[in-house]
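Next comes model.pdb, a file with PDB, C-alpha atoms, pLDDT in the B column.
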```pdb
ATOM      1  CA  MET V 136     -40.576  -0.353  37.438  1.00 66.00           C
ATOM      2  CA  THR V 137     -38.339   1.782  35.277  1.00 78.00           C
ATOM      3  CA  SER V 138     -34.655   1.062  35.785  1.00 94.00           C
ATOM      4  CA  ILE V 139     -31.830   3.406  34.975  1.00 97.00           C
ATOM      5  CA  LEU V 140     -28.309   2.267  34.159  1.00 97.00           C
ATOM      6  CA  ILE V 141     -25.483   4.574  35.217  1.00 98.00           C
ATOM      7  CA  VAL V 142     -22.173   4.029  33.429  1.00 98.00           C
ATOM      8  CA  GLU V 143     -19.507   6.068  35.187  1.00 97.00           C
ATOM      9  CA  ASP V 144     -15.953   5.130  36.118  1.00 96.00           C
ATOM     10  CA  ASP V 145     -15.574   7.807  38.804  1.00 96.00           C
ATOM     11  CA  VAL V 146     -16.792   6.120  41.996  1.00 94.00           C
ATOM     12  CA  LEU V 147     -17.965   9.281  43.762  1.00 97.00           C
ATOM     13  CA  THR V 148     -19.904  10.528  40.739  1.00 96.00           C
ATOM     14  CA  ASN V 149     -21.438   7.095  40.254  1.00 96.00           C
ATOM     15  CA  GLU V 150     -22.545   6.882  43.882  1.00 96.00           C
ATOM     16  CA  TYR V 151     -23.936  10.424  43.853  1.00 97.00           C
ATOM     17  CA  LEU V 152     -25.998   9.831  40.704  1.00 96.00           C
ATOM     18  CA  GLU V 153     -27.247   6.548  42.106  1.00 96.00           C
ATOM     19  CA  PHE V 154     -28.299   8.240  45.361  1.00 97.00           C
ATOM     20  CA  ILE V 155     -30.139  11.072  43.592  1.00 97.00           C
ATOM     21  CA  LEU V 156     -31.991   8.777  41.214  1.00 96.00           C
ATOM     22  CA  GLU V 157     -32.971   6.334  43.954  1.00 96.00           C
ATOM     23  CA  GLN V 158     -34.321   9.242  46.012  1.00 96.00           C
ATOM     24  CA  ALA V 159     -36.456  10.127  42.969  1.00 94.00           C
ATOM     25  CA  GLY V 160     -37.953   6.624  43.064  1.00 93.00           C
ATOM     26  CA  TYR V 161     -36.018   4.827  40.340  1.00 95.00           C
ATOM     27  CA  GLU V 162     -34.354   1.448  40.486  1.00 96.00           C
ATOM     28  CA  VAL V 163     -30.712   2.052  39.606  1.00 97.00           C
ATOM     29  CA  VAL V 164     -28.023  -0.310  38.378  1.00 97.00           C
ATOM     30  CA  SER V 165     -24.500   0.820  37.693  1.00 96.00           C
ATOM     31  CA  ALA V 166     -21.405  -0.146  35.783  1.00 96.00           C
ATOM     32  CA  THR V 167     -17.901   1.312  35.690  1.00 96.00           C
ATOM     33  CA  SER V 168     -17.158   0.593  32.022  1.00 96.00           C
ATOM     34  CA  ALA V 169     -19.040   0.275  28.754  1.00 96.00           C
ATOM     35  CA  ASP V 170     -18.043  -3.382  28.536  1.00 95.00           C
ATOM     36  CA  GLU V 171     -19.514  -4.055  31.975  1.00 96.00           C
ATOM     37  CA  ALA V 172     -22.668  -2.153  31.018  1.00 96.00           C
ATOM     38  CA  ALA V 173     -23.108  -4.143  27.794  1.00 94.00           C
ATOM     39  CA  ALA V 174     -22.779  -7.427  29.697  1.00 94.00           C
ATOM     40  CA  LEU V 175     -25.217  -6.215  32.352  1.00 94.00           C
ATOM     41  CA  LEU V 176     -27.791  -5.252  29.714  1.00 94.00           C
ATOM     42  CA  GLU V 177     -27.741  -8.761  28.241  1.00 91.00           C
ATOM     43  CA  GLY V 178     -29.594 -10.047  31.286  1.00 86.00           C
ATOM     44  CA  ARG V 179     -31.948  -7.118  31.862  1.00 89.00           C
ATOM     45  CA  ASP V 180     -34.860  -5.887  29.805  1.00 88.00           C
ATOM     46  CA  ASP V 181     -36.163  -3.394  32.372  1.00 92.00           C
ATOM     47  CA  VAL V 182     -33.498  -0.723  31.761  1.00 95.00           C
ATOM     48  CA  GLN V 183     -35.166   2.130  29.904  1.00 94.00           C
ATOM     49  CA  LEU V 184     -32.612   4.899  30.367  1.00 96.00           C
ATOM     50  CA  ILE V 185     -28.823   4.966  30.307  1.00 97.00           C
ATOM     51  CA  VAL V 186     -26.799   7.791  31.818  1.00 96.00           C
ATOM     52  CA  THR V 187     -23.223   7.416  30.645  1.00 96.00           C
ATOM     53  CA  ASP V 188     -19.895   9.147  30.817  1.00 96.00           C
ATOM     54  CA  ILE V 189     -18.209   9.623  27.440  1.00 96.00           C
ATOM     55  CA  ASN V 190     -14.642   8.737  28.455  1.00 95.00           C
ATOM     56  CA  LEU V 191     -14.695   5.216  29.833  1.00 94.00           C
ATOM     57  CA  PRO V 192     -12.112   2.473  30.243  1.00 91.00           C
ATOM     58  CA  GLY V 193     -12.384  -0.629  28.073  1.00 88.00           C
ATOM     59  CA  THR V 194     -13.062  -1.299  24.424  1.00 93.00           C
ATOM     60  CA  MET V 195     -15.922   1.213  24.029  1.00 94.00           C
ATOM     61  CA  ASN V 196     -16.514   4.776  25.088  1.00 96.00           C
ATOM     62  CA  GLY V 197     -19.914   6.118  26.122  1.00 96.00           C
ATOM     63  CA  LEU V 198     -20.860   7.182  22.598  1.00 96.00           C
ATOM     64  CA  LYS V 199     -20.154   3.727  21.175  1.00 96.00           C
ATOM     65  CA  LEU V 200     -22.101   2.160  24.024  1.00 96.00           C
ATOM     66  CA  ALA V 201     -25.085   4.423  23.333  1.00 95.00           C
ATOM     67  CA  ALA V 202     -24.992   3.581  19.612  1.00 95.00           C
ATOM     68  CA  ALA V 203     -24.754  -0.158  20.306  1.00 94.00           C
ATOM     69  CA  VAL V 204     -27.664  -0.056  22.752  1.00 94.00           C
ATOM     70  CA  LYS V 205     -29.801   2.060  20.400  1.00 94.00           C
ATOM     71  CA  ALA V 206     -29.187  -0.405  17.555  1.00 94.00           C
ATOM     72  CA  ARG V 207     -30.299  -3.389  19.642  1.00 92.00           C
ATOM     73  CA  ARG V 208     -32.924  -1.714  21.832  1.00 92.00           C
ATOM     74  CA  PRO V 209     -34.293   1.381  20.077  1.00 93.00           C
ATOM     75  CA  GLU V 210     -36.776   2.084  22.877  1.00 92.00           C
ATOM     76  CA  THR V 211     -33.956   2.723  25.348  1.00 92.00           C
ATOM     77  CA  ARG V 212     -33.197   6.365  25.903  1.00 93.00           C
TER
END
```
Write the structure described by the file as structure tokens, please.
Amino acid sequence: MTSILIVEDDVLTNEYLEFILEQAGYEVVSATSADEAAALLEGRDDVQLIVTDINLPGTMNGLKLAAAVKARRPETR
């Protein structure tokens, strides 16, 4: 099954996106920071799409997260 990772620090936005995507039939995992998302991705190879906010707390923003993921897993959108 295709999994989607949502990276969003606003709780209401995160929950709304998760609800919509689950209703569309996707398995959804979520993180509230880029650092949390990077750690989560280490143990999962089923995530094929990342939906991320740009402004995130932690050591990376959404753009840096996307670049890091693309470098390690080019098939991830």
Considering all atoms listed in the file, return as a PDB file with C-alpha atoms, in the coordinates of the input whatever protein or nucleic-acid residues lie within 12 Å of Ala172 of chain V, sequence-local ones (same chain, fewer than 2 positions apart) excluded.
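Final file, result27.pdb:
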```
ATOM      1  CA  ILE V 139     -31.830   3.406  34.975  1.00 97.00           C
ATOM      2  CA  LEU V 140     -28.309   2.267  34.159  1.00 97.00           C
ATOM      3  CA  ILE V 141     -25.483   4.574  35.217  1.00 98.00           C
ATOM      4  CA  VAL V 142     -22.173   4.029  33.429  1.00 98.00           C
ATOM      5  CA  GLU V 143     -19.507   6.068  35.187  1.00 97.00           C
ATOM      6  CA  ASP V 144     -15.953   5.130  36.118  1.00 96.00           C
ATOM      7  CA  VAL V 164     -28.023  -0.310  38.378  1.00 97.00           C
ATOM      8  CA  SER V 165     -24.500   0.820  37.693  1.00 96.00           C
ATOM      9  CA  ALA V 166     -21.405  -0.146  35.783  1.00 96.00           C
ATOM     10  CA  THR V 167     -17.901   1.312  35.690  1.00 96.00           C
ATOM     11  CA  SER V 168     -17.158   0.593  32.022  1.00 96.00           C
ATOM     12  CA  ALA V 169     -19.040   0.275  28.754  1.00 96.00           C
ATOM     13  CA  ASP V 170     -18.043  -3.382  28.536  1.00 95.00           C
ATOM     14  CA  ALA V 174     -22.779  -7.427  29.697  1.00 94.00           C
ATOM     15  CA  LEU V 175     -25.217  -6.215  32.352  1.00 94.00           C
ATOM     16  CA  LEU V 176     -27.791  -5.252  29.714  1.00 94.00           C
ATOM     17  CA  GLU V 177     -27.741  -8.761  28.241  1.00 91.00           C
ATOM     18  CA  GLY V 178     -29.594 -10.047  31.286  1.00 86.00           C
ATOM     19  CA  ARG V 179     -31.948  -7.118  31.862  1.00 89.00           C
ATOM     20  CA  VAL V 182     -33.498  -0.723  31.761  1.00 95.00           C
ATOM     21  CA  ILE V 185     -28.823   4.966  30.307  1.00 97.00           C
ATOM     22  CA  VAL V 186     -26.799   7.791  31.818  1.00 96.00           C
ATOM     23  CA  THR V 187     -23.223   7.416  30.645  1.00 96.00           C
ATOM     24  CA  ASP V 188     -19.895   9.147  30.817  1.00 96.00           C
ATOM     25  CA  LEU V 191     -14.695   5.216  29.833  1.00 94.00           C
ATOM     26  CA  PRO V 192     -12.112   2.473  30.243  1.00 91.00           C
ATOM     27  CA  GLY V 193     -12.384  -0.629  28.073  1.00 88.00           C
ATOM     28  CA  THR V 194     -13.062  -1.299  24.424  1.00 93.00           C
ATOM     29  CA  MET V 195     -15.922   1.213  24.029  1.00 94.00           C
ATOM     30  CA  ASN V 196     -16.514   4.776  25.088  1.00 96.00           C
ATOM     31  CA  GLY V 197     -19.914   6.118  26.122  1.00 96.00           C
ATOM     32  CA  LYS V 199     -20.154   3.727  21.175  1.00 96.00           C
ATOM     33  CA  LEU V 200     -22.101   2.160  24.024  1.00 96.00           C
ATOM     34  CA  ALA V 201     -25.085   4.423  23.333  1.00 95.00           C
ATOM     35  CA  ALA V 203     -24.754  -0.158  20.306  1.00 94.00           C
ATOM     36  CA  VAL V 204     -27.664  -0.056  22.752  1.00 94.00           C
TER      37      VAL V 204
END
```
Original post:
atom CA of Arg212 of chain V to atom CA of Asp145 of chain V: how many Å, to one decimal?
Top reply: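 Separation between atom CA of Arg212 of chain V and atom CA of Asp145 of chain V: 21.9 Å.
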**OP:** Using all atoms listed in the file, pick whichever of V:Ile189, V:Ala173, V:Ala202, V:Leu184 has the shortest atom-to-atom distance to Tyr161 of chain V.
**Re:** V:Leu184
**OP:** Name the closest residue to Lys205 of chain V among the candidates V:Thr137, V:Thr148, V:Gln158, V:Gln183; distances are taken between atoms, counting all atoms listed in the file.
**Re:** V:Gln183
Original post:
What is the atom CA of Ala206 of chain V to atom CA of Ile155 of chain V distance in Å?
Top reply: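 Distance reported for this atom pair: 28.5 Å.
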Let me have the centre and edge lengths in Å, one decimal, of the box along x, y and z around every listed atom of segment 174-191 of chain V with 4 Å of margin on each side, as AutoDock Vina command-line options.
```
--center_x -25.4 --center_y -0.2 --center_z 29.9 --size_x 29.5 --size_y 27.7 --size_z 12.9
```
